[in-house]
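Q: Got a structure for you, work32.cif, holding mmCIF, C-alpha atoms and all ligand atoms.
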data_structure
#
loop_
_atom_site.label_atom_id
_atom_site.label_comp_id
_atom_site.auth_asym_id
_atom_site.auth_seq_id
_atom_site.Cartn_x
_atom_site.Cartn_y
_atom_site.Cartn_z
CA MET W 1 0.00 0.00 0.00
CA PRO W 2 1.51 3.31 -0.98
CA ASP W 3 2.21 5.87 1.72
CA GLN W 4 -0.58 8.32 2.20
CA PRO W 5 0.74 11.83 1.51
CA LEU W 6 0.48 14.01 4.56
CA SER W 7 -0.93 17.47 4.23
CA PRO W 8 1.98 19.94 4.31
CA ALA W 9 0.85 21.64 7.51
CA SER W 10 0.13 18.47 9.50
CA ASN W 11 3.72 17.35 10.13
CA VAL W 12 5.67 20.59 9.96
CA GLU W 13 7.43 21.25 13.24
CA PRO W 14 7.58 24.90 14.25
CA SER W 15 11.04 26.35 13.70
CA ASP W 16 13.29 27.29 16.62
CA ASP W 17 12.74 30.94 15.79
CA ALA W 18 8.96 30.54 15.75
CA LEU W 19 9.08 28.76 19.12
CA PHE W 20 11.36 31.37 20.61
CA GLU W 21 9.12 34.17 19.35
CA ARG W 22 6.15 32.44 20.97
CA TYR W 23 8.11 32.14 24.21
CA ARG W 24 8.98 35.82 24.08
CA ASN W 25 5.24 36.48 23.88
CA GLY W 26 4.68 34.53 27.07
CA ASP W 27 4.20 30.94 25.84
CA ALA W 28 5.97 28.71 28.38
CA ALA W 29 5.14 25.54 26.42
CA ALA W 30 7.10 26.87 23.43
CA PHE W 31 10.18 27.15 25.64
CA GLU W 32 9.70 23.61 26.89
CA THR W 33 9.63 22.34 23.29
CA LEU W 34 12.75 24.32 22.49
CA LEU W 35 14.53 22.94 25.54
CA ALA W 36 13.50 19.37 24.72
CA ARG W 37 14.71 19.84 21.16
CA HIS W 38 18.19 21.05 22.11
CA GLN W 39 18.88 19.60 25.54
CA SER W 40 20.58 16.42 24.41
CA ALA W 41 22.92 18.09 21.90
CA LEU W 42 23.72 20.94 24.27
CA PHE W 43 24.37 18.71 27.24
CA GLY W 44 26.44 16.33 25.11
CA PHE W 45 28.57 19.24 24.03
CA LEU W 46 28.96 20.58 27.57
CA ILE W 47 29.72 17.31 29.32
CA ARG W 48 32.33 16.42 26.71
CA MET W 49 33.79 19.91 26.80
CA ALA W 50 33.86 20.10 30.60
CA GLY W 51 34.69 16.48 31.30
CA ASP W 52 32.66 16.74 34.48
CA ARG W 53 28.97 15.99 34.93
CA ALA W 54 28.35 18.41 37.80
CA LEU W 55 30.07 21.23 35.93
CA ALA W 56 28.16 20.35 32.76
CA GLU W 57 24.86 20.52 34.67
CA ASP W 58 25.81 23.98 35.97
CA LEU W 59 26.87 25.18 32.54
CA PHE W 60 23.71 23.76 30.98
CA GLN W 61 21.55 25.62 33.46
CA GLU W 62 23.54 28.83 33.12
CA THR W 63 23.33 28.67 29.31
CA TRP W 64 19.53 28.50 29.37
CA LEU W 65 19.32 31.19 32.02
CA ARG W 66 21.31 33.46 29.71
CA VAL W 67 18.94 32.59 26.89
CA VAL W 68 16.01 33.61 29.10
CA ARG W 69 17.74 36.75 30.35
CA GLU W 70 18.85 37.88 26.90
CA ALA W 71 15.67 36.82 25.11
CA ARG W 72 14.88 40.38 24.03
CA ARG W 73 18.31 40.83 22.49
CA TYR W 74 18.02 37.75 20.29
CA ARG W 75 17.64 38.47 16.59
CA ALA W 76 16.09 35.86 14.33
CA GLU W 77 18.60 36.39 11.50
CA GLN W 78 21.08 34.50 13.69
CA LYS W 79 20.08 30.85 13.94
CA PHE W 80 18.83 29.96 17.42
CA SER W 81 21.13 26.93 17.71
CA ARG W 82 24.13 29.04 16.80
CA TRP W 83 23.18 31.59 19.44
CA LEU W 84 22.60 28.84 22.03
CA PHE W 85 25.93 27.15 21.36
CA THR W 86 27.80 30.45 21.22
CA ILE W 87 26.62 31.16 24.77
CA ALA W 88 27.39 27.60 25.92
CA ASN W 89 30.81 27.58 24.28
CA ARG W 90 31.79 30.89 25.83
CA LEU W 91 30.65 29.79 29.28
CA ALA W 92 32.47 26.47 28.99
CA ILE W 93 35.72 28.03 27.76
CA ASP W 94 35.64 30.70 30.48
CA GLU W 95 34.97 28.14 33.17
CA LEU W 96 37.68 25.77 31.97
CA ARG W 97 40.18 28.62 31.82
CA ARG W 98 39.17 29.67 35.30
CA ARG W 99 39.49 26.17 36.72
CA LYS W 100 42.56 25.29 34.66
CA ARG W 101 41.76 21.68 35.00
CA TRP W 102 40.46 18.84 32.99
CA ARG W 103 38.91 15.64 34.15
CA THR W 104 38.03 12.58 32.20
CA VAL W 105 34.31 12.51 31.76
CA SER W 106 32.42 9.46 32.84
CA VAL W 107 28.89 9.29 31.62
CA ASP W 108 28.29 5.84 33.05
CA ASP W 109 27.19 7.12 36.45
CA GLU W 110 23.71 6.47 37.77
CA GLU W 111 22.53 9.94 36.75
CA ALA W 112 23.36 9.41 33.10
CA ALA W 113 20.22 8.53 31.24
CA VAL W 114 21.82 6.67 28.38
CA GLU W 115 19.50 5.67 25.59
CA LEU W 116 19.97 2.04 24.60
CA PRO W 117 18.27 0.06 21.85
CA ALA W 118 14.82 -1.14 22.87
CA ASN W 119 15.72 -4.84 22.82
CA GLY W 120 18.81 -4.26 25.00
CA PRO W 121 22.42 -5.10 24.14
CA SER W 122 23.98 -8.45 24.79
CA ALA W 123 26.76 -8.68 27.41
CA ALA W 124 29.50 -8.80 24.74
CA VAL W 125 28.12 -5.83 22.92
CA GLU W 126 27.77 -3.97 26.19
CA THR W 127 31.43 -4.67 27.09
CA GLU W 128 32.54 -3.49 23.68
CA ARG W 129 30.40 -0.39 23.99
CA ARG W 130 31.98 0.46 27.33
CA GLN W 131 35.46 -0.02 25.91
CA THR W 132 34.74 2.26 22.99
CA LEU W 133 33.19 4.80 25.30
CA SER W 134 36.21 4.88 27.58
CA ARG W 135 38.49 5.25 24.54
CA ILE W 136 36.45 8.18 23.28
CA GLU W 137 36.50 9.74 26.72
CA ALA W 138 40.25 9.30 26.89
CA ALA W 139 40.65 10.82 23.45
CA LEU W 140 38.59 13.85 24.42
CA ALA W 141 40.34 14.23 27.75
CA THR W 142 43.76 14.36 26.14
CA MET W 143 42.70 16.45 23.15
CA GLN W 144 43.83 20.09 23.08
CA PRO W 145 40.88 22.30 24.10
CA SER W 146 40.97 24.27 20.83
CA LEU W 147 40.62 21.02 18.86
CA ARG W 148 38.02 19.59 21.21
CA GLN W 149 35.99 22.77 20.96
CA VAL W 150 35.80 22.65 17.15
CA PHE W 151 35.14 18.92 17.05
CA LEU W 152 32.37 19.02 19.65
CA LEU W 153 30.75 22.15 18.27
CA ARG W 154 30.54 20.56 14.81
CA GLU W 155 29.31 17.23 16.15
CA HIS W 156 26.73 18.54 18.59
CA SER W 157 25.53 21.95 17.52
CA GLY W 158 24.85 21.30 13.85
CA VAL W 159 26.30 24.69 12.91
CA SER W 160 28.59 24.85 9.88
CA PHE W 161 32.38 25.17 9.97
CA LYS W 162 31.98 28.70 8.66
CA GLU W 163 29.74 29.55 11.60
CA ILE W 164 32.16 27.89 14.02
CA ALA W 165 34.91 30.06 12.55
CA ALA W 166 32.82 33.12 13.43
CA MET W 167 31.90 31.75 16.87
CA THR W 168 35.51 31.01 17.78
CA ASP W 169 37.10 34.04 16.07
CA ALA W 170 39.32 31.86 13.89
CA PRO W 171 39.80 31.67 10.12
CA LEU W 172 37.94 28.84 8.35
CA GLY W 173 41.23 27.21 7.37
CA THR W 174 42.28 27.05 11.03
CA VAL W 175 38.93 25.57 12.03
CA LEU W 176 39.22 22.87 9.35
CA TRP W 177 42.80 22.12 10.41
CA ARG W 178 41.67 21.80 14.05
CA MET W 179 38.88 19.47 13.03
CA SER W 180 41.31 17.33 11.09
CA ALA W 181 43.74 17.24 14.03
CA ALA W 182 40.91 16.35 16.43
CA LEU W 183 39.83 13.45 14.22
CA LYS W 184 43.41 12.28 13.92
CA HIS W 185 43.65 12.23 17.72
CA LEU W 186 40.37 10.33 18.02
CA ARG W 187 41.43 7.85 15.31
CA LYS W 188 44.69 7.12 17.09
CA GLU W 189 42.92 6.42 20.36
CA LEU W 190 40.39 4.11 18.74
CA GLU W 191 42.99 2.37 16.57
CA ALA W 192 45.12 1.64 19.63
CA ASP W 193 42.54 -0.92 20.73
CA GLY W 194 42.01 -2.23 17.24
CA MET W 195 38.48 -0.84 17.32
CA MET W 196 38.57 0.48 13.82
CA GLU W 197 40.16 -2.41 11.96
CA MET E 1 44.29 19.53 -5.41
CA ASN E 2 47.20 18.79 -3.03
CA CYS E 3 47.02 16.76 0.21
CA GLU E 4 46.43 19.81 2.41
CA GLN E 5 43.55 21.02 0.25
CA ALA E 6 42.18 17.49 0.08
CA ASN E 7 42.20 17.33 3.87
CA GLU E 8 40.21 20.57 4.17
CA VAL E 9 37.64 19.44 1.61
CA LEU E 10 37.44 16.06 3.36
CA MET E 11 36.46 17.78 6.65
CA LEU E 12 33.76 19.76 4.83
CA ASP E 13 32.59 16.64 2.99
CA LEU E 14 32.25 14.66 6.23
CA TYR E 15 29.48 17.10 7.20
CA GLY E 16 28.00 17.64 3.75
CA GLU E 17 29.44 21.12 3.46
CA ALA E 18 31.71 20.65 0.44
CA THR E 19 30.59 21.87 -2.97
CA ALA E 20 29.88 19.30 -5.68
CA ALA E 21 32.90 20.51 -7.65
CA ASP E 22 35.16 20.13 -4.58
CA VAL E 23 33.86 16.60 -3.96
CA VAL E 24 34.72 15.61 -7.53
CA GLU E 25 38.26 16.93 -7.06
CA LEU E 26 38.57 15.22 -3.68
CA LYS E 27 37.56 11.87 -5.13
CA ALA E 28 40.12 12.29 -7.89
CA HIS E 29 42.81 13.05 -5.30
CA LEU E 30 41.87 10.12 -3.08
CA ALA E 31 41.99 7.76 -6.06
CA GLY E 32 45.64 8.60 -6.52
CA CYS E 33 46.80 9.23 -2.90
CA ALA E 34 46.89 6.27 -0.51
CA THR E 35 47.74 8.45 2.52
CA CYS E 36 44.71 10.69 2.10
CA ARG E 37 42.51 7.71 1.27
CA ARG E 38 43.49 6.07 4.54
CA ILE E 39 42.78 9.33 6.44
CA ALA E 40 39.38 9.63 4.79
CA GLU E 41 38.43 6.05 5.64
CA THR E 42 39.56 6.14 9.27
CA SER E 43 38.03 9.57 9.84
CA ARG E 44 34.63 8.32 8.71
CA ALA E 45 35.03 5.20 10.86
CA ALA E 46 36.00 7.28 13.92
CA LEU E 47 32.92 9.44 13.52
CA VAL E 48 30.73 6.36 13.21
CA GLU E 49 32.18 5.06 16.51
CA PHE E 50 31.77 8.43 18.20
CA ARG E 51 28.15 8.74 17.07
CA ARG E 52 27.32 5.23 18.21
CA GLU E 53 27.83 6.40 21.75
CA ALA E 54 24.65 7.63 23.33
CA THR E 55 24.70 11.25 24.29
CA PRO E 56 24.29 11.72 28.04
CA ARG E 57 21.34 13.78 29.11
CA PRO E 58 21.05 16.38 31.84
CA SER E 59 19.45 15.32 35.09
CA ARG E 60 15.73 15.86 35.55
CA LYS E 61 16.51 18.24 38.41
CA THR E 62 18.56 20.50 36.14
CA VAL E 63 15.93 20.50 33.41
CA GLU E 64 13.21 21.34 35.93
CA ALA E 65 15.30 24.19 37.35
CA VAL E 66 15.64 25.63 33.85
CA LEU E 67 11.90 25.34 33.22
CA VAL E 68 11.09 27.10 36.49
CA ALA E 69 13.55 29.92 35.72
CA ALA E 70 12.12 30.29 32.23
CA GLN E 71 8.51 30.79 33.34
CA PRO E 72 7.45 33.94 31.49
CA ARG E 73 6.79 36.80 33.89
CA PRO E 74 3.43 38.46 33.28
CA ARG E 75 3.86 41.76 31.50
CA LEU E 76 2.72 45.03 33.10
CA ALA E 77 -0.56 45.01 31.13
CA GLY E 78 -1.13 41.43 32.26
CA ILE E 79 -0.64 42.41 35.88
CA PHE E 80 -3.19 45.26 35.58
CA ALA E 81 -5.64 42.98 33.81
CA GLN E 82 -5.45 40.56 36.73
CA LEU E 83 -6.28 43.24 39.34
CA HIS E 84 -9.62 42.95 41.10
CA PRO E 85 -12.04 45.89 40.53
CA ALA E 86 -11.85 46.69 44.23
CA LEU E 87 -8.09 47.14 43.88
CA TRP E 88 -8.70 49.48 40.97
CA GLN E 89 -11.01 51.58 43.18
CA ALA E 90 -8.44 51.64 45.96
CA ALA E 91 -5.78 52.69 43.45
CA ALA E 92 -8.05 55.51 42.23
CA VAL E 93 -8.61 56.76 45.79
CA VAL E 94 -4.87 56.76 46.45
CA ALA E 95 -4.24 58.63 43.18
CA VAL E 96 -6.85 61.32 44.01
CA ALA E 97 -5.43 61.75 47.51
CA LEU E 98 -1.96 62.15 46.04
CA ILE E 99 -3.13 64.78 43.53
CA VAL E 100 -4.97 66.75 46.25
CA SER E 101 -1.98 66.74 48.58
CA VAL E 102 0.33 67.95 45.81
CA ALA E 103 -2.16 70.61 44.73
CA VAL E 104 -2.55 71.96 48.30
CA ARG E 105 1.20 72.07 48.73
CA PHE E 106 1.80 74.14 45.57
CA TRP E 107 -1.42 76.20 45.45
CA PRO E 108 -0.91 80.07 45.53
CA GLN E 109 -0.48 80.53 49.24
CA SER E 110 -2.23 82.85 51.69
CA PRO E 111 -0.07 85.00 53.99
CA ILE E 112 -0.98 82.81 57.00
CA GLN E 113 0.53 79.75 55.27
CA LEU E 114 3.54 81.80 54.13
CA ALA E 115 4.05 83.08 57.64
CA ALA E 116 3.90 79.61 59.02
CA GLU E 117 6.44 78.42 56.50
CA THR E 118 8.80 81.39 56.81
CA SER E 119 8.60 81.44 60.65
CA LEU E 120 6.99 84.87 60.83
CA THR E 121 5.60 85.86 64.20
CA ALA E 122 1.86 85.86 64.71
CA THR E 123 1.84 89.69 64.77
CA GLN E 124 3.76 89.91 61.54
CA ALA E 125 1.42 87.41 60.01
CA ALA E 126 -1.60 89.38 61.19
CA ALA E 127 -0.10 92.59 59.78
CA THR E 128 0.52 90.97 56.41
CA GLU E 129 -2.94 89.47 56.50
CA THR E 130 -4.32 93.00 57.02
CA SER E 131 -2.24 94.25 54.12
CA TRP E 132 -3.59 91.34 51.97
CA ASP E 133 -7.14 92.35 53.00
CA ALA E 134 -6.38 95.98 52.15
CA ASN E 135 -5.11 94.99 48.74
CA SER E 136 -8.15 92.80 48.16
CA ALA E 137 -10.40 95.68 49.19
CA ALA E 138 -8.58 98.04 46.81
CA LEU E 139 -9.08 95.55 43.98
CA SER E 140 -12.77 95.23 44.79
CA ASP E 141 -13.08 99.02 44.69
CA ARG E 142 -11.34 99.18 41.31
CA ILE E 143 -13.54 96.44 39.91
CA ARG E 144 -16.60 98.24 41.23
CA LEU E 145 -15.37 101.45 39.57
CA ALA E 146 -14.80 99.58 36.33
CA GLN E 147 -18.28 98.11 36.56
CA ALA E 148 -19.57 101.64 37.11
CA ASP E 149 -17.71 102.69 33.98
CA VAL E 150 -19.52 99.94 32.10
CA SER E 151 -22.83 101.13 33.45
CA ILE E 152 -22.20 104.70 32.29
CA GLY E 153 -21.19 103.36 28.85
CA SER E 154 -17.49 104.20 28.91
CA SER E 155 -15.24 102.62 26.28
CA LEU E 156 -13.89 99.07 26.50
CA ASP E 157 -10.34 100.48 26.65
CA SER E 158 -11.01 102.35 29.85
CA ARG E 159 -12.52 99.26 31.44
CA ILE E 160 -9.48 97.22 30.53
CA SER E 161 -7.05 99.88 31.71
CA GLY E 162 -8.99 100.12 34.98
CA LEU E 163 -8.58 96.42 35.57
CA ARG E 164 -4.90 96.56 34.49
CA ASP E 165 -4.24 99.32 37.05
CA ALA E 166 -5.99 97.34 39.71
CA LEU E 167 -3.87 94.33 38.96
CA SER E 168 -0.58 96.22 38.92
CA ASP E 169 -1.49 97.82 42.25
CA LEU E 170 -2.22 94.44 43.71
CA ARG E 171 1.11 93.16 42.36
CA ALA E 172 2.96 96.12 43.93
CA GLY E 173 1.14 95.49 47.19
CA SER E 174 1.88 91.78 47.30
CA GLY E 175 5.59 92.58 46.84
CA SER E 176 5.60 93.74 50.41
CA PHE E 177 4.76 90.25 51.71
ZN ZN X 201 46.94 13.22 -0.50
#
Is it possible to express this structure as C-alpha cells?
A:
Amino acid sequence: MPDQPLSPASNVEPSDDALFERYRNGDAAAFETLLARHQSALFGFLIRMAGDRALAEDLFQETWLRVVREARRYRAEQKFSRWLFTIANRLAIDELRRRKRWRTVSVDDEEAAVELPANGPSAAVETERRQTLSRIEAALATMQPSLRQVFLLREHSGVSFKEIAAMTDAPLGTVLWRMSAALKHLRKELEADGMME
Amino acid sequence: MNCEQANEVLMLDLYGEATAADVVELKAHLAGCATCRRIAETSRAALVEFRREATPRPSRKTVEAVLVAAQPRPRLAGIFAQLHPALWQAAAVVAVALIVSVAVRFWPQSPIQLAAETSLTATQAAATETSWDANSAALSDRIRLAQADVSIGSSLDSRISGLRDALSDLRAGSGSF
C-alpha cells in the first residue's frame, strides 16, 4: 500500500525561531519544546567539553538562564542553535580557563540517562560499547581544548564550519585544520585498541 | 588539489558542506593518494564510533530548574488585567489623595501659610494678613469702579485699563509680603 501523503501543515514542526518568538510572547510551552529539542545536543557538548557531569549541569543551566535573560536581544537572522551554542561555548571556555583543570568525563554514572536500543544489548556488545566509550572519553580528555571545541561544536551543535569560525574568532582554514587534528587524535585512540580495523 | 587542500575538503565533505565541484576533485585526489585515502576512511570510521555512543542527558533536576527559571513573567498590562475591581477603586482613591496633597502644597499661598512656612511671628502674620485684606479691598473698589464705567457706557479700553491698574497695584502690594 503506498504511503498516504500528509498534508503539508500536519507534520511541519515549528522552527526554533517561531518557538522562541512564541516564548517571548509569554508561551511557556514553546520554551519547553525548544529545551527538549536542544537539551541532548547541548548537554552532550557541555559534558564532553567540561569532562565533568556536575560542571556540565551547571553550565547547561547557566546557558539557558542566559537565553532567558537575553531573550529580548536575540535576533532571528542569527540561527537559534548558533546563538545557544555560542553562549554555551563561551561559558564552557571561560569556566575551563578559570578552573585550569580537565577531568576525564564518565557518563556511566547512575545519573546518566543513556539511551539504549529497545531490545537491550547483549553482554558482549555492552562490554565493547563500554570499551569504545572509555576510549572516546580518553581521546577527548587528552585532546587540546581548541581542537576539542571545534570537534564538539561541529558534532553537537549542527552549525557549519563557517559559523564555528565566526563563533571562535578563527579563520575557516584554522577551524578545518583543528577538526582534522581532532579526528586524527580520536582515530589514534580508537585504533590503539584495534576498534577500527 | 594537493594533500592539504584534500584534507580541508574532506572535513567539509564529512558534514556535507563541500561543494559538488570540490567533492569531484577530492575523489580524484583520493583515487591517486593512498595516505589521504586512509585518512578519509579512518576519519569516517572514527565518527561512526563516536556517534554510536549515546549522548548523556542532563538530570531531571537540572531540566526542571531551567523550566522554572524560564517561566514567562506576566507583562505590566497582564498584571493590571489581573487586578480585582476593588483594587482598581483603591488605586483611584490613592491617586486622588496624592493629587490633592500635591495641589494643596503648591497652590498660591495665603499669607498665613507663608508666615507659618517662613517662621513669621503671629503679629507679623496678622499685619501681612491685614495688608492682603487691604489689597483685596482696593481691587474690589477698582472692579466696582470699572463696573460703574460699564454702566455709564465708557469705552472698552477704559474698562481694561482700569482692571490693568488694579492688577498692577495688587502686584505692587503683594511685593511687600
Ligand atoms: Zn593526498
Q: With all atoms listed in the file considered, list every residue of chain E at most 7 Å from chain W, as a list in words.
A: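 Using all atoms listed in the file, chain E residues at most 7 Å from chain W: Glu8, Met11, Thr42, Ser43, Ala45, Ala46, Phe50, Glu53, Ala54, Thr55, Pro56, Arg57, Pro58, Ser59, Thr62, Val66, Leu67, Ala69, Ala70, Gln71 and Pro72 of chain E.
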Q: What is the CA of Leu19 in chain W-CA of Leu34 in chain W distance in Å, reported with one decimal?
A: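 The value is 6.7 Å.
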Q: Check every protein, DNA and RNA residue against ligand ZN 201 (chain X), keep those with an atom at most 12 Å away (counting only C-alpha atoms and all ligand atoms), and present them as a list of chain:residue names.
A: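 Listing the residues within 12 Å of ligand ZN 201 (chain X) gives E:Met1, E:Asn2, E:Cys3, E:Glu4, E:Gln5, E:Ala6, E:Asn7, E:Glu8, E:Val9, E:Leu10, E:Glu25, E:Leu26, E:Lys27, E:Ala28, E:His29, E:Leu30, E:Ala31, E:Gly32, E:Cys33, E:Ala34, E:Thr35, E:Cys36, E:Arg37, E:Arg38, E:Ile39, E:Ala40.
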Q: Quick one: pull the distance between CA of Asp52 in chain W and CA of Leu96 in chain W, Å, one decimal.
A: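 So the two atoms, CA of Asp52 in chain W and CA of Leu96 in chain W, lie 10.6 Å apart.
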